[in-house]
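What follows is a single structure, written as structure tokens, with notes after it.
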Amino acid sequence: MGTLIERLEELYVLGGGRGANRPAGSEAESEACALAERWMVQAGLAVTRDAFGNVIGRLHGSRRELPEVWAGSHLDSVPDGGKYDGALGVVAAIEAVAAVGASARTLGVVAFRDEERGCYGSFALAQTGPLPGRYVELHVEQGPVLERAGAALGVVTGIVGSTRREVVFEGTAGHAGTSPMDARYDALVQASEYVLRVRDAARAIDGAVATVGVLEVEPGAVNVIPGRVRLTVDARAPDEERLARLLDALDLDPGLDLAPVQLDASIRSVLRAEIQRVAAPAIELPSGAGHDAGVLAAAGVQTGMLFVRSLNGGVSHSPEELTSEDDIAKAVEVLTATLRRLAAD
């Protein structure tokens, strides 16, 4: 357990600054992948990188014709992100695969590139292959459900669908002092009204969420009426029907960036049983965040996902992100037992 925590710390300091700073394509993300590759080799895995740069380590089984069983996550982070998001899933997978050791099926660990901007590493793998037969991702919950339930671990039932759109509002720039209030065409006022509309539309649809995360005001001067505003909308819902309703309510182009998926029932059953053995109760919950697991599931891979309790009210994408060492130890035990059962099946 000490080694795993030390590895998380080693990844956390890459890039410097406050929090995790390993944005996709950065030198820090590349350094993180190099560390993961070294740790995989130390664990006895044969390591390759695909054309996109995903790091894949394999512990070859005695029957290589059988579909492979993988675990993993991503190593990039948002700016000033948390210590556990993505990184925990990679270092835990290395430890679990090493603990399982040789089996009939080949076991693999994958460190995906560029997850935070849209799961581009896993999309690249899904398009080019080869894909595993089964995949299990361990990840911090990034929400408060498990903490509120007093549960260390949870089984993810499915992953929401999501869409990101850009909206532009055009107004008329003018002098802030000489333009009467009744003669203004303020783009920021239009945008502000739309932000409230985004909030209200998501509230009206059960399970939906929507966020305006970027707001760019032009010309951006204190004494000039805004003439143009660009904003982004991140819209999410548990299924395609609710996501379509949300996009329609906001006059946004229909379509999916990440499709909602249900995770494999058989792997969920194994995870549930192992959690009940190690850290009861076994809570089941959906994921409101997108994950590489969702991309692989949509590509036909039998996929399961194990959540570890997030503390501090579930805060994530922040240096305040926190998960206890005891919960991590239980999660690694469950992941190890699950991989052992999936590899033997």
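Ordered as shown in the structure tokens, chains take letters A, B, and onward, while each chain numbers its residues from 1 and ligands are numbered from 1 in the order shown.
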Exercise for the section: Determine, counting only C-alpha atoms, which protein, DNA and RNA residues have an atom within 7 Å of an atom of His175 of chain A; residues of the same chain fewer than 5 positions away are not included. Present the result as a PyMOL selection string. Expected result: chain A and resi 223-225
At most 8 Å is the cut-off: for each residue in segment 47-130 of chain A with any atom that close to an atom of segment 326-341 of chain A, write down the nearest atom pair and the distance in Å rounded to one decimal, counting only C-alpha atoms, chain first then increasing number, as JSON lines.
{"residue": "A:Val69", "atom": "CA", "partner": "A:Leu339", "partner_atom": "CA", "distance": 7.3}
{"residue": "A:Ala92", "atom": "CA", "partner": "A:Val332", "partner_atom": "CA", "distance": 5.9}
{"residue": "A:Ala93", "atom": "CA", "partner": "A:Leu335", "partner_atom": "CA", "distance": 7.7}
{"residue": "A:Glu95", "atom": "CA", "partner": "A:Val332", "partner_atom": "CA", "distance": 7.7}
{"residue": "A:Ala96", "atom": "CA", "partner": "A:Thr336", "partner_atom": "CA", "distance": 4.5}
{"residue": "A:Val97", "atom": "CA", "partner": "A:Thr336", "partner_atom": "CA", "distance": 6.8}
{"residue": "A:Ala99", "atom": "CA", "partner": "A:Thr336", "partner_atom": "CA", "distance": 6.9}
{"residue": "A:Val100", "atom": "CA", "partner": "A:Arg340", "partner_atom": "CA", "distance": 5.8}
In segment 40-122 of chain A, DSSP strand (DSSP E) residues written as a PDB file with C-alpha atoms, in the first residue's frame:
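As a result, states11.pdb now contains:
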ATOM      1  CA  ALA A  46       5.433  -6.256 -21.467  1.00  0.00           C
ATOM      2  CA  VAL A  47       4.764  -2.640 -22.459  1.00  0.00           C
ATOM      3  CA  THR A  48       3.754  -1.134 -25.799  1.00  0.00           C
ATOM      4  CA  ARG A  49       2.349   2.216 -26.903  1.00  0.00           C
ATOM      5  CA  VAL A  55       0.498   2.994 -22.588  1.00  0.00           C
ATOM      6  CA  ILE A  56      -0.494  -0.688 -22.484  1.00  0.00           C
ATOM      7  CA  GLY A  57       1.230  -3.263 -20.298  1.00  0.00           C
ATOM      8  CA  ARG A  58       0.473  -6.973 -20.639  1.00  0.00           C
ATOM      9  CA  LEU A  59       1.082  -9.973 -18.432  1.00  0.00           C
ATOM     10  CA  VAL A  69      -8.813  -8.726 -19.358  1.00  0.00           C
ATOM     11  CA  TRP A  70      -7.635  -5.145 -18.715  1.00  0.00           C
ATOM     12  CA  ALA A  71      -7.825  -2.561 -15.982  1.00  0.00           C
ATOM     13  CA  GLY A  72      -6.685   1.060 -15.981  1.00  0.00           C
ATOM     14  CA  SER A  73      -7.663   4.697 -16.319  1.00  0.00           C
ATOM     15  CA  HIS A  74      -6.037   7.960 -17.429  1.00  0.00           C
ATOM     16  CA  LEU A 107      -4.044  -9.406 -18.122  1.00  0.00           C
ATOM     17  CA  GLY A 108      -3.444  -5.819 -19.163  1.00  0.00           C
ATOM     18  CA  VAL A 109      -3.034  -2.369 -17.672  1.00  0.00           C
ATOM     19  CA  VAL A 110      -3.803   0.694 -19.769  1.00  0.00           C
ATOM     20  CA  ALA A 111      -2.950   4.337 -19.099  1.00  0.00           C
ATOM     21  CA  PHE A 112      -5.086   6.335 -21.500  1.00  0.00           C
TER      22      PHE A 112
END
Problem - Distance criterion (only C-alpha atoms): nearest to Ala279 of chain A out of A:Ala237, A:Val90, A:Leu311, A:Val155 - result: A:Val155
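Closest to Ile283 of chain A among A:Arg148, A:Arg184, A:Arg134, A:Arg113 is A:Arg148, based on only C-alpha atoms.
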Handout entry: Test item, alpha helix (DSSP H) assignment across segment 137-198 of chain A, answer as a list in words
Key =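 Residues of segment 137-198 of chain A classed as alpha helix (DSSP H): Val145, Leu146, Glu147, Arg148, Ala149, Ala187, Leu188, Val189, Gln190, Ala191, Ser192, Glu193, Tyr194, Val195, Leu196, Arg197 and Val198 of chain A.
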